[in-house]
>>> print(open('coords_11.cif').read())   # mmCIF, C-alpha atoms
data_query
#
loop_
_atom_site.label_atom_id
_atom_site.label_comp_id
_atom_site.auth_asym_id
_atom_site.auth_seq_id
_atom_site.Cartn_x
_atom_site.Cartn_y
_atom_site.Cartn_z
CA MET E 1 -25.64 -8.50 42.12
CA LYS E 2 -27.86 -5.44 41.63
CA LYS E 3 -24.79 -3.38 40.92
CA TYR E 4 -23.83 -5.76 38.13
CA ARG E 5 -27.32 -5.71 36.67
CA ASN E 6 -27.16 -1.91 36.55
CA LEU E 7 -23.80 -2.08 34.90
CA LEU E 8 -25.14 -4.54 32.37
CA THR E 9 -28.15 -2.36 31.59
CA LEU E 10 -25.87 0.63 31.22
CA SER E 11 -23.58 -1.16 28.78
CA VAL E 12 -26.53 -2.38 26.74
CA VAL E 13 -27.90 1.16 26.57
CA VAL E 14 -24.51 2.55 25.55
CA PHE E 15 -24.02 -0.17 22.98
CA VAL E 16 -27.46 0.11 21.39
CA GLY E 17 -27.23 3.89 21.59
CA SER E 18 -23.93 4.06 19.78
CA LEU E 19 -25.18 1.61 17.22
CA LEU E 20 -28.12 3.90 16.48
CA LEU E 21 -25.85 6.94 16.49
CA SER E 22 -23.63 5.35 13.90
CA PHE E 23 -26.61 5.17 11.56
CA VAL E 24 -27.45 8.75 12.31
CA THR E 25 -24.01 10.01 11.33
CA VAL E 26 -24.20 8.23 8.01
CA GLN E 27 -27.44 9.94 7.16
CA ASP E 28 -26.04 13.14 8.52
CA GLN E 29 -23.44 13.65 5.81
CA LYS E 30 -23.47 17.28 4.86
CA ASP E 31 -23.70 18.42 1.30
CA PRO E 32 -20.43 19.97 0.15
CA ALA E 33 -20.36 23.75 -0.23
CA PRO E 34 -19.41 25.14 -3.65
CA TRP E 35 -15.64 25.15 -4.20
CA ASP E 36 -13.87 28.46 -3.88
CA VAL E 37 -11.09 27.92 -6.39
CA PRO E 38 -8.35 30.60 -6.68
CA GLU E 39 -8.23 32.44 -9.99
CA LYS E 40 -4.78 31.06 -10.76
CA TYR E 41 -6.14 27.52 -10.90
CA VAL E 42 -9.41 28.32 -12.68
CA LYS E 43 -7.40 29.73 -15.59
CA MET E 44 -4.78 26.97 -15.61
CA GLU E 45 -4.25 25.31 -19.00
CA ASN E 46 -4.00 21.53 -19.13
CA PRO E 47 -0.76 20.99 -21.05
CA TYR E 48 -1.52 17.28 -21.42
CA ALA E 49 -5.14 17.51 -22.58
CA GLY E 50 -5.94 14.55 -24.81
CA ASP E 51 -2.56 12.88 -24.25
CA GLU E 52 -3.56 9.22 -24.52
CA SER E 53 -0.12 7.96 -23.56
CA LEU E 54 -1.00 9.03 -20.01
CA ASP E 55 -4.20 6.98 -19.71
CA ARG E 56 -2.45 4.12 -17.94
CA VAL E 57 -0.68 6.48 -15.53
CA GLY E 58 -3.93 8.25 -14.62
CA LYS E 59 -5.66 4.98 -13.95
CA ILE E 60 -2.87 3.61 -11.74
CA LEU E 61 -2.78 6.84 -9.71
CA TYR E 62 -6.56 6.84 -9.34
CA ILE E 63 -6.65 3.25 -8.12
CA LYS E 64 -3.80 3.85 -5.72
CA HIS E 65 -4.84 7.16 -4.18
CA CYS E 66 -8.51 7.85 -4.84
CA ARG E 67 -10.47 4.64 -5.21
CA SER E 68 -10.83 4.02 -1.46
CA CYS E 69 -13.13 7.06 -1.16
CA HIS E 70 -14.33 7.85 -4.66
CA GLY E 71 -15.06 4.24 -5.65
CA ASN E 72 -14.07 2.22 -8.69
CA ASN E 73 -15.98 4.40 -11.14
CA GLY E 74 -15.92 7.74 -9.36
CA GLU E 75 -19.45 7.38 -8.03
CA GLY E 76 -18.29 8.40 -4.55
CA ASP E 77 -19.05 4.94 -3.17
CA GLY E 78 -15.63 3.71 -2.08
CA PRO E 79 -15.32 1.79 1.22
CA LYS E 80 -14.23 4.92 3.11
CA ALA E 81 -16.95 7.16 1.71
CA ALA E 82 -19.53 6.23 4.35
CA SER E 83 -17.34 7.44 7.20
CA MET E 84 -16.89 10.92 5.70
CA LYS E 85 -18.75 13.86 7.17
CA THR E 86 -19.12 15.32 3.70
CA LYS E 87 -21.03 13.62 0.94
CA ILE E 88 -18.88 12.70 -2.03
CA HIS E 89 -20.59 13.62 -5.27
CA SER E 90 -20.25 11.48 -8.34
CA MET E 91 -17.50 12.48 -10.74
CA THR E 92 -19.52 11.04 -13.60
CA ALA E 93 -22.14 13.81 -13.28
CA GLU E 94 -22.46 16.44 -16.02
CA ALA E 95 -22.12 19.21 -13.44
CA PHE E 96 -18.72 17.82 -12.49
CA LYS E 97 -17.41 17.37 -16.01
CA LYS E 98 -18.51 20.90 -16.96
CA GLN E 99 -15.83 22.36 -14.69
CA SER E 100 -12.55 23.52 -16.19
CA ASP E 101 -9.51 21.22 -15.98
CA GLY E 102 -7.85 23.75 -13.68
CA VAL E 103 -10.73 23.54 -11.20
CA ILE E 104 -10.61 19.75 -11.21
CA TYR E 105 -6.85 19.97 -10.74
CA TYR E 106 -7.36 22.19 -7.69
CA GLN E 107 -9.98 19.89 -6.18
CA SER E 108 -7.88 16.80 -6.85
CA ILE E 109 -4.42 17.97 -5.83
CA ILE E 110 -4.94 20.81 -3.34
CA GLY E 111 -8.21 19.55 -1.84
CA ARG E 112 -9.93 20.91 1.26
CA ASP E 113 -11.12 19.51 4.61
CA GLU E 114 -11.83 15.82 4.13
CA MET E 115 -10.58 15.77 0.56
CA PRO E 116 -6.86 15.17 1.20
CA ASN E 117 -4.01 17.18 -0.28
CA TYR E 118 -1.89 15.25 -2.79
CA GLU E 119 0.85 17.77 -3.54
CA SER E 120 3.55 15.66 -1.92
CA LYS E 121 2.16 12.23 -2.82
CA ILE E 122 1.82 13.14 -6.50
CA PRO E 123 4.70 15.57 -6.98
CA ASP E 124 4.99 15.45 -10.76
CA GLU E 125 2.88 17.92 -12.81
CA GLU E 126 2.50 15.46 -15.66
CA ASP E 127 1.14 12.81 -13.27
CA ARG E 128 -1.33 15.29 -11.78
CA TRP E 129 -2.76 16.13 -15.19
CA ALA E 130 -2.84 12.44 -16.10
CA LEU E 131 -5.11 11.99 -13.09
CA VAL E 132 -7.33 14.92 -14.09
CA ASN E 133 -7.64 13.45 -17.58
CA TYR E 134 -8.51 10.07 -16.16
CA ILE E 135 -11.27 11.19 -13.78
CA LYS E 136 -12.88 13.12 -16.62
CA THR E 137 -13.26 9.83 -18.52
CA LEU E 138 -15.11 8.10 -15.66
CA LYS E 139 -18.56 6.97 -16.73
CA MET V 1 41.59 -9.19 3.57
CA LYS V 2 42.21 -5.43 3.65
CA LYS V 3 43.10 -5.62 -0.03
CA THR V 4 39.81 -7.21 -1.03
CA ILE V 5 37.88 -4.53 0.82
CA LEU V 6 39.94 -1.89 -0.91
CA TYR V 7 39.15 -3.41 -4.30
CA ILE V 8 35.44 -3.46 -3.53
CA LEU V 9 35.46 0.17 -2.45
CA LEU V 10 37.48 1.11 -5.50
CA GLY V 11 35.02 -0.77 -7.68
CA LEU V 12 32.10 1.11 -6.18
CA PHE V 13 33.86 4.40 -6.71
CA VAL V 14 34.59 3.68 -10.36
CA CYS V 15 31.02 2.49 -10.94
CA THR V 16 29.41 5.58 -9.49
CA ASN V 17 31.74 7.81 -11.46
CA LEU V 18 30.85 6.07 -14.68
CA PHE V 19 27.20 6.71 -14.01
CA ALA V 20 27.90 10.29 -13.05
CA GLN V 21 29.31 10.93 -16.49
CA ASP V 22 26.33 9.25 -18.03
CA GLU V 23 23.98 11.65 -16.40
CA GLU V 24 25.91 14.79 -17.19
CA SER V 25 25.84 14.04 -20.87
CA ALA V 26 22.15 13.14 -20.57
CA ASP V 27 21.45 16.59 -19.19
CA VAL V 28 22.90 18.23 -22.25
CA VAL V 29 20.87 16.19 -24.71
CA GLU V 30 17.35 16.41 -23.32
CA LYS V 31 15.61 16.35 -20.00
CA ASP V 32 14.44 12.84 -19.24
CA LYS V 33 12.28 12.12 -16.19
CA PRO V 34 12.59 9.14 -13.83
CA VAL V 35 10.39 6.13 -14.60
CA ARG V 36 7.17 5.82 -12.63
CA PHE V 37 5.96 3.10 -10.27
CA ALA V 38 9.11 0.98 -10.22
CA TRP V 39 8.44 0.13 -6.56
CA GLU V 40 5.61 0.85 -4.16
CA SER V 41 7.70 0.94 -1.04
CA GLY V 42 11.24 1.55 0.14
CA MET V 43 11.17 -1.88 1.75
CA LEU V 44 11.08 -5.21 0.02
CA ILE V 45 10.61 -7.87 2.72
CA ASP V 46 13.84 -7.20 4.72
CA GLN V 47 15.68 -5.47 1.93
CA GLN V 48 15.75 -1.93 0.60
CA THR V 49 14.52 -0.77 -2.78
CA SER V 50 15.64 2.34 -4.61
CA HIS V 51 12.30 3.95 -3.79
CA ILE V 52 12.44 6.98 -1.52
CA PRO V 53 9.24 8.98 -0.87
CA THR V 54 9.02 12.72 -1.47
CA VAL V 55 10.99 15.10 0.74
CA LYS V 56 9.69 15.62 4.30
CA THR V 57 7.85 12.31 4.36
CA LEU V 58 7.93 10.28 7.54
CA GLU V 59 7.69 6.55 7.09
CA MET V 60 6.91 4.08 9.81
CA VAL V 61 8.10 0.52 9.23
CA ILE V 62 6.72 -2.46 11.10
CA GLN V 63 8.46 -5.76 10.39
CA HIS V 64 7.39 -8.97 12.02
CA LYS V 65 8.66 -12.49 11.55
CA PHE V 66 7.05 -15.32 13.43
CA GLY V 67 8.68 -18.58 14.51
CA SER V 68 9.46 -21.24 11.94
CA ILE V 69 6.61 -23.30 10.57
CA ASP V 70 8.12 -26.68 11.46
CA ASN V 71 5.91 -27.32 14.50
CA GLY V 72 2.86 -27.26 12.29
CA SER V 73 -0.55 -26.69 13.78
CA SER V 74 0.71 -27.09 17.38
CA ASP V 75 1.81 -23.45 17.37
CA LEU V 76 -0.23 -22.32 14.37
CA TRP V 77 2.72 -22.67 11.98
CA GLY V 78 4.97 -20.55 14.14
CA ILE V 79 2.55 -17.67 14.55
CA TYR V 80 2.11 -18.47 18.26
CA ALA V 81 5.70 -19.57 18.75
CA PRO V 82 7.71 -17.67 21.36
CA ALA V 83 10.48 -17.19 18.81
CA GLY V 84 10.16 -14.52 16.19
CA ASN V 85 11.55 -11.14 15.48
CA ILE V 86 10.10 -7.65 15.32
CA ARG V 87 11.58 -4.42 14.06
CA LEU V 88 9.98 -1.03 14.44
CA GLY V 89 11.52 1.73 12.41
CA LEU V 90 11.10 5.35 11.46
CA ASN V 91 12.51 6.85 8.29
CA TYR V 92 12.53 10.47 7.27
CA VAL V 93 13.28 11.91 3.86
CA VAL V 94 15.60 14.84 4.46
CA ALA V 95 16.38 15.81 0.87
CA ASN V 96 15.45 14.67 -2.59
CA ASN V 97 16.18 10.91 -2.66
CA VAL V 98 18.00 10.96 0.68
CA GLN V 99 16.51 9.17 3.65
CA ILE V 100 17.69 8.61 7.19
CA GLY V 101 16.22 6.14 9.63
CA TRP V 102 16.31 4.51 13.01
CA GLY V 103 14.96 1.15 14.07
CA ILE V 104 14.87 -1.21 17.02
CA SER V 105 14.73 -4.98 16.60
CA LYS V 106 13.62 -7.53 19.13
CA ARG V 107 16.51 -9.83 18.25
CA ASN V 108 19.48 -8.65 20.34
CA MET V 109 17.67 -5.33 20.83
CA TYR V 110 19.61 -3.98 17.87
CA ASN V 111 19.31 -0.23 17.50
CA ASP V 112 20.16 0.61 13.93
CA PHE V 113 20.81 3.99 12.39
CA ASN V 114 20.61 3.93 8.64
CA ALA V 115 20.80 6.11 5.57
CA LYS V 116 19.78 5.55 1.99
CA TRP V 117 20.60 7.62 -1.04
CA THR V 118 19.28 6.97 -4.52
CA ILE V 119 21.99 8.57 -6.59
CA PHE V 120 20.49 7.93 -10.01
CA GLU V 121 17.02 7.04 -11.12
CA GLN V 122 16.27 5.09 -14.25
CA THR V 123 14.71 7.45 -16.75
CA ARG V 124 11.84 7.00 -19.16
CA LYS V 125 13.88 7.44 -22.31
CA ASN V 126 16.63 5.22 -20.95
CA GLN V 127 19.24 7.94 -20.77
CA VAL V 128 19.93 6.54 -17.31
CA PRO V 129 19.23 2.82 -17.69
CA VAL V 130 19.20 1.82 -14.01
CA PHE V 131 18.56 2.95 -10.47
CA VAL V 132 21.70 3.30 -8.38
CA THR V 133 21.22 3.35 -4.63
CA VAL V 134 23.54 3.15 -1.65
CA TYR V 135 22.36 2.04 1.74
CA ALA V 136 24.29 1.79 4.98
CA ASN V 137 23.62 1.27 8.63
CA ALA V 138 25.39 1.03 11.95
CA ALA V 139 23.79 -0.99 14.71
CA ILE V 140 24.25 -1.29 18.45
CA ASP V 141 23.47 -4.55 20.18
CA GLY V 142 21.28 -3.39 23.05
CA MET V 143 21.00 -6.62 25.05
CA ASN V 144 22.01 -6.78 28.66
CA ARG V 145 25.44 -8.37 28.37
CA ASP V 146 26.64 -7.99 31.96
CA ASP V 147 26.67 -11.69 32.55
CA VAL V 148 28.27 -12.96 29.36
CA GLU V 149 30.72 -15.63 30.40
CA LEU V 150 33.09 -15.96 27.52
CA PHE V 151 36.49 -17.48 27.18
CA ASN V 152 39.16 -14.85 26.83
CA PHE V 153 41.36 -15.99 23.94
CA GLU V 154 43.89 -13.22 24.28
CA GLU V 155 44.42 -13.72 27.98
CA PRO V 156 43.30 -17.20 29.05
CA GLY V 157 42.43 -17.22 32.73
CA GLN V 158 41.00 -13.71 32.60
CA LYS V 159 37.30 -13.05 32.21
CA PHE V 160 36.28 -11.66 28.82
CA ASP V 161 35.39 -8.05 29.26
CA TYR V 162 32.40 -7.19 27.03
CA LYS V 163 32.83 -3.57 26.04
CA PHE V 164 30.60 -1.11 24.19
CA ASN V 165 32.78 -1.59 21.15
CA ASN V 166 31.71 -5.24 20.99
CA ARG V 167 28.12 -4.17 20.44
CA LEU V 168 28.71 -2.48 17.10
CA SER V 169 28.10 -3.84 13.64
CA TYR V 170 27.85 -2.30 10.19
CA PHE V 171 26.33 -2.89 6.79
CA ALA V 172 26.91 -1.13 3.48
CA GLN V 173 25.24 -1.94 0.18
CA LEU V 174 25.28 -0.80 -3.43
CA ILE V 175 22.00 -1.53 -5.21
CA ILE V 176 21.47 -1.48 -8.97
CA GLY V 177 17.85 -1.78 -10.03
CA ARG V 178 15.81 -1.67 -13.17
CA LYS V 179 12.15 -1.48 -14.01
CA VAL V 180 12.19 -4.01 -16.81
CA THR V 181 8.56 -3.82 -17.86
CA ASN V 182 5.49 -2.15 -16.42
CA ALA V 183 4.97 -5.25 -14.30
CA LEU V 184 8.49 -6.35 -13.43
CA SER V 185 11.18 -4.53 -11.45
CA VAL V 186 14.40 -6.23 -10.36
CA GLN V 187 17.45 -5.37 -8.31
CA GLY V 188 20.91 -6.76 -7.79
CA ALA V 189 23.14 -5.62 -4.97
CA VAL V 190 26.50 -6.21 -3.39
CA SER V 191 27.01 -5.66 0.31
CA PHE V 192 29.69 -5.63 2.94
CA SER V 193 28.90 -6.51 6.55
CA HIS V 194 31.10 -6.24 9.59
CA ALA V 195 30.46 -7.14 13.22
CA ASN V 196 32.90 -6.31 15.98
CA PHE V 197 31.87 -9.36 17.95
CA VAL V 198 31.05 -12.80 16.57
CA PRO V 199 30.99 -16.33 18.03
CA GLN V 200 34.26 -18.23 18.23
CA TRP V 201 35.78 -19.10 14.82
CA HIS V 202 33.21 -17.09 12.89
CA ASP V 203 34.18 -14.33 10.46
CA HIS V 204 33.81 -10.67 11.31
CA ASP V 205 33.49 -9.59 7.68
CA ARG V 206 31.16 -10.82 5.00
CA VAL V 207 30.59 -9.85 1.41
CA GLY V 208 27.16 -10.68 0.08
CA LEU V 209 25.08 -10.61 -3.07
CA HIS V 210 21.40 -9.81 -3.19
CA PHE V 211 18.76 -10.32 -5.85
CA ASN V 212 15.18 -9.24 -5.50
CA GLY V 213 12.20 -8.07 -7.42
CA ARG V 214 8.54 -7.40 -7.76
CA LEU V 215 6.07 -8.68 -10.31
CA LYS V 216 2.81 -6.78 -10.49
CA VAL V 217 -0.19 -9.05 -10.91
CA SER V 218 -3.02 -6.57 -10.29
CA PRO V 219 -3.26 -2.77 -9.96
CA GLN V 220 -2.46 -2.94 -6.26
CA GLY V 221 -0.98 -6.41 -5.86
CA ALA V 222 2.45 -7.83 -6.65
CA ILE V 223 4.46 -10.97 -6.09
CA ILE V 224 7.74 -10.15 -4.36
CA PHE V 225 10.86 -12.21 -3.99
CA ASN V 226 14.27 -11.83 -2.47
CA TYR V 227 17.46 -13.88 -2.31
CA ASP V 228 20.52 -13.00 -0.22
CA VAL V 229 23.78 -14.92 -0.56
CA PRO V 230 26.64 -14.52 1.89
CA LEU V 231 29.78 -15.22 -0.12
CA GLN V 232 32.55 -17.47 1.00
CA ILE V 233 35.74 -15.65 0.11
CA ASP V 234 38.82 -17.36 1.49
CA GLY V 235 40.82 -14.20 1.05
CA ILE V 236 38.86 -12.33 3.69
CA SER V 237 37.93 -15.29 5.86
CA GLU V 238 39.63 -15.66 9.22
CA GLN V 239 38.96 -19.38 9.02
CA HIS V 240 41.78 -21.29 7.43
CA PRO V 241 40.65 -23.63 4.61
CA ASP V 242 43.01 -26.32 5.89
CA TRP V 243 41.69 -26.35 9.43
CA ASN V 244 40.23 -29.61 10.66
CA SER V 245 39.55 -31.20 14.01
CA THR V 246 42.99 -32.82 14.13
CA ASN V 247 45.14 -29.79 13.50
CA THR V 248 42.79 -27.34 15.24
CA PRO V 249 41.38 -28.65 18.51
CA GLY V 250 37.76 -27.70 19.05
CA TRP V 251 37.14 -26.97 15.41
CA ASP V 252 34.05 -28.41 13.81
CA GLY V 253 33.57 -25.79 11.13
CA PRO V 254 33.69 -24.32 8.61
CA TYR V 255 31.29 -21.73 9.90
CA HIS V 256 29.60 -20.01 7.04
CA PRO V 257 26.24 -18.28 7.16
CA GLU V 258 23.39 -19.63 5.06
CA PRO V 259 21.63 -17.80 2.24
CA ASN V 260 18.20 -16.31 2.78
CA LEU V 261 15.29 -16.85 0.44
CA SER V 262 11.99 -15.10 0.85
CA PHE V 263 8.93 -14.59 -1.27
CA GLY V 264 5.52 -13.12 -0.70
CA TYR V 265 2.77 -10.80 -1.82
CA GLU V 266 2.55 -7.03 -1.62
CA VAL V 267 -0.61 -4.94 -1.49
CA SER V 268 -0.17 -1.21 -1.61
CA THR V 269 -2.38 1.83 -1.23
CA SER V 270 -1.75 5.55 -1.13
CA THR V 271 -0.12 5.55 2.28
CA HIS V 272 0.53 1.89 3.08
CA ALA V 273 2.38 -1.04 1.66
CA PHE V 274 1.59 -4.40 3.19
CA GLN V 275 3.84 -7.35 2.45
CA ILE V 276 3.22 -10.88 3.68
CA TYR V 277 5.94 -13.42 3.03
CA MET V 278 7.85 -16.51 4.05
CA GLY V 279 11.58 -16.53 4.60
CA ASN V 280 14.20 -18.79 6.16
CA SER V 281 16.32 -16.32 8.12
CA PRO V 282 15.04 -15.11 11.49
CA ALA V 283 17.20 -11.98 11.15
CA MET V 284 15.91 -8.62 9.96
CA LEU V 285 18.91 -6.42 10.39
CA LEU V 286 20.88 -7.07 7.23
CA GLN V 287 24.34 -7.54 8.77
CA ASP V 288 22.81 -9.94 11.28
CA MET V 289 21.37 -11.89 8.35
CA MET V 290 24.60 -11.86 6.35
CA ILE V 291 26.86 -12.79 9.27
CA ASN V 292 24.79 -14.90 11.64
CA ASN V 293 22.12 -16.75 9.70
CA ASN V 294 22.56 -20.44 10.38
CA THR V 295 19.16 -21.68 9.28
CA GLY V 296 19.43 -22.86 5.71
CA ILE V 297 16.88 -22.91 2.92
CA ASP V 298 15.08 -25.93 4.21
CA PHE V 299 11.30 -26.07 4.25
CA ASP V 300 11.17 -26.45 8.06
CA ASN V 301 13.14 -23.26 8.58
CA PHE V 302 10.72 -20.99 6.82
CA ALA V 303 8.76 -18.52 8.91
CA ILE V 304 5.79 -16.38 8.03
CA GLY V 305 6.32 -12.66 8.29
CA PHE V 306 5.04 -9.30 7.25
CA THR V 307 6.42 -5.86 6.53
CA ILE V 308 4.15 -2.85 6.71
CA THR V 309 5.03 0.72 5.84
CA ARG V 310 2.92 3.77 6.57
CA LEU V 311 3.65 7.23 5.19
CA TRP V 312 2.92 10.68 6.55
CA SER V 313 3.82 13.73 4.55
CA PHE V 314 4.47 17.14 6.05
#
>>> encode(input="coords_11.cif", output="structure tokens")
Amino acid sequence: MKKYRNLLTLSVVVFVGSLLLSFVTVQDQKDPAPWDVPEKYVKMENPYAGDESLDRVGKILYIKHCRSCHGNNGEGDGPKAASMKTKIHSMTAEAFKKQSDGVIYYQSIIGRDEMPNYESKIPDEEDRWALVNYIKTLK
Amino acid sequence: MKKTILYILLGLFVCTNLFAQDEESADVVEKDKPVRFAWESGMLIDQQTSHIPTVKTLEMVIQHKFGSIDNGSSDLWGIYAPAGNIRLGLNYVVANNVQIGWGISKRNMYNDFNAKWTIFEQTRKNQVPVFVTVYANAAIDGMNRDDVELFNFEEPGQKFDYKFNNRLSYFAQLIIGRKVTNALSVQGAVSFSHANFVPQWHDHDRVGLHFNGRLKVSPQGAIIFNYDVPLQIDGISEQHPDWNSTNTPGWDGPYHPEPNLSFGYEVSTSTHAFQIYMGNSPAMLLQDMMINNNTGIDFDNFAIGFTITRLWSF
């Protein structure tokens, strides 16, 4: 009987402990380091800048591939965002929009660590730029 | 029978050649890219779409059909029924628009090896107006058949000797598809199925027609539907149209497979497509469906099922 009581206490401790830990990890999200974007990308021209015919394409791609983490409006509040070790900054911020299209392209398509790589999922250049255009319009 | 098959093959050959010329001339005029988002997944319920992921992508397919809904709440509309079928499959994209795959089904423990090639993709400026895809598989019945007690028609009195050869069956399909609008994509296909071993009186060969499509109703959701019709062609049937129980003892045919109707809803994300549906055929392997489906489109025969695909890119 005693053995069982011990076991019970142990499981309660483990359960409550892990519950608390799960809160800790959420608060523990680390701030992302500045992006180290290769020169080639920084200088990249956006051949589709201002191409409104791509608005629909950018939106569909965003909803399909990005919304789960970055949220409906790019605030970084998608359902998967909380389980990331890195904080996802809002893409509506001035600091984000100030970056060149090439940098946003690199962040979006090449990625790093928890930000996935999309080179094979979005193989077409035109589609990639459509996505860059779209996330720049997020408000 | 051989003649009909020959005509079909010839037809396919002519068709593909016509399209080939189409594309060559298109190349000269102007480069036109394939249309986007015609399909979200290479699977559509049990059928194939022209969609093939990018090269070096591994796709896992999980197909599950429960028992039929006719027992109502007593077995949770078939979900807890012992019947039902499962297929687990892996597909790998070896080259641009070429995919090979392998799957194992619960029903008859079919092991199927398949290949799909999307020869032409519909383009944005309509220089190629349709998708043209070929799909084929060969399957091995993997059940333990040591104890099959069958009548030996060739040598009455002898036991029927079930050989490896009897386990094999094949399916080949030509699919023509079109993204009609941003919301609607449709496909029509013609198929040929062959099984080396079928029940007494049944046909070994079957030509079939397939119609299916997808209607997008939200950014990630779509209504999907599929209809498969096994054709009754006397020319290739081994069953004589004049047979009846008087002139052919034991005959209570004709034995023709039933069509399959299924419809459902698809939700897709970056790496998954999830399809939930209802359909009347318990089969998943397409030749099994085209040759052996004896449950007709009757409300009681419908079963709930789902198809899930998961992608990994390398």
>>> interface_residues(input="coords_11.cif", of="chain E", to="chain V", cutoff="12 Å", atoms="all atoms listed in the file", output="VMD selection string")
chain E and resid 54 56 to 69 72 116 to 127
>>> resolve_selection(input="coords_11.cif", expression="the PyMOL selection byres ((chain E and resi 33) around 12)", output="ChimeraX atom specification")
/E:30-32,34-37,86-89,112-113
>>> resolve_selection(input="coords_11.cif", expression="the PyMOL selection byres ((chain V and resi 183-194) around 8)", output="ChimeraX atom specification")
/V:38-39,49,169-182,195-196,204-217,287,290-291
>>> atom_distance(input="coords_11.cif", atom1="atom CA of E:Leu138", atom2="atom CA of E:Ala49")
15.4 Å
>>> atom_distance(input="coords_11.cif", atom1="atom CA of E:Glu45", atom2="atom CA of E:Gly102")
6.6 Å
>>> atom_distance(input="coords_11.cif", atom1="atom CA of V:Ile69", atom2="atom CA of V:Asn260")
15.6 Å
>>> closest_residue(input="coords_11.cif", among="E:Ala130, E:Ala82, E:Val103, E:Ile110", to="E:Glu39", atoms="all atoms listed in the file")
E:Val103
>>> resolve_selection(input="coords_11.cif", expression="the PyMOL selection byres ((chain V and resi 263) around 6)", output="VMD selection string")
chain V and resid 224 to 225 262 264 277 to 278
>>> residues_around(input="coords_11.cif", residues="V:Gly67", least_positions_apart="3", cutoff="8 Å", atoms="all atoms listed in the file", output="mmCIF file with C-alpha atoms, in the coordinates of the input")
data_model
loop_
_atom_site.group_PDB
_atom_site.id
_atom_site.type_symbol
_atom_site.label_atom_id
_atom_site.label_comp_id
_atom_site.auth_asym_id
_atom_site.auth_seq_id
_atom_site.Cartn_x
_atom_site.Cartn_y
_atom_site.Cartn_z
ATOM 1 C CA TRP V 77 2.720 -22.670 11.980
ATOM 2 C CA GLY V 78 4.970 -20.550 14.140
ATOM 3 C CA ILE V 79 2.550 -17.670 14.550
ATOM 4 C CA TYR V 80 2.110 -18.470 18.260
ATOM 5 C CA ALA V 81 5.700 -19.570 18.750
ATOM 6 C CA PRO V 82 7.710 -17.670 21.360
ATOM 7 C CA ALA V 83 10.480 -17.190 18.810
ATOM 8 C CA GLY V 84 10.160 -14.520 16.190
ATOM 9 C CA PRO V 282 15.040 -15.110 11.490
ATOM 10 C CA ALA V 303 8.760 -18.520 8.910
ATOM 11 C CA ILE V 304 5.790 -16.380 8.030
#
>>> residues_around(input="coords_11.cif", residues="stretch 88-91 of chain V", least_positions_apart="2", cutoff="9 Å", atoms="only C-alpha atoms", output="NGL selection string")
:V and (57-64 or 86 or 93 or 99-106 or 112 or 114-115)
>>> write_last_selection(input="coords_11.cif", atoms="C-alpha atoms", output="short mmCIF file (atom, residue, chain, number, x, y, z; two decimals), in the coordinates of the input")
data_model
loop_
_atom_site.label_atom_id
_atom_site.label_comp_id
_atom_site.auth_asym_id
_atom_site.auth_seq_id
_atom_site.Cartn_x
_atom_site.Cartn_y
_atom_site.Cartn_z
CA THR V 57 7.85 12.31 4.36
CA LEU V 58 7.93 10.28 7.54
CA GLU V 59 7.69 6.55 7.09
CA MET V 60 6.91 4.08 9.81
CA VAL V 61 8.10 0.52 9.23
CA ILE V 62 6.72 -2.46 11.10
CA GLN V 63 8.46 -5.76 10.39
CA HIS V 64 7.39 -8.97 12.02
CA ILE V 86 10.10 -7.65 15.32
CA VAL V 93 13.28 11.91 3.86
CA GLN V 99 16.51 9.17 3.65
CA ILE V 100 17.69 8.61 7.19
CA GLY V 101 16.22 6.14 9.63
CA TRP V 102 16.31 4.51 13.01
CA GLY V 103 14.96 1.15 14.07
CA ILE V 104 14.87 -1.21 17.02
CA SER V 105 14.73 -4.98 16.60
CA LYS V 106 13.62 -7.53 19.13
CA ASP V 112 20.16 0.61 13.93
CA ASN V 114 20.61 3.93 8.64
CA ALA V 115 20.80 6.11 5.57
#
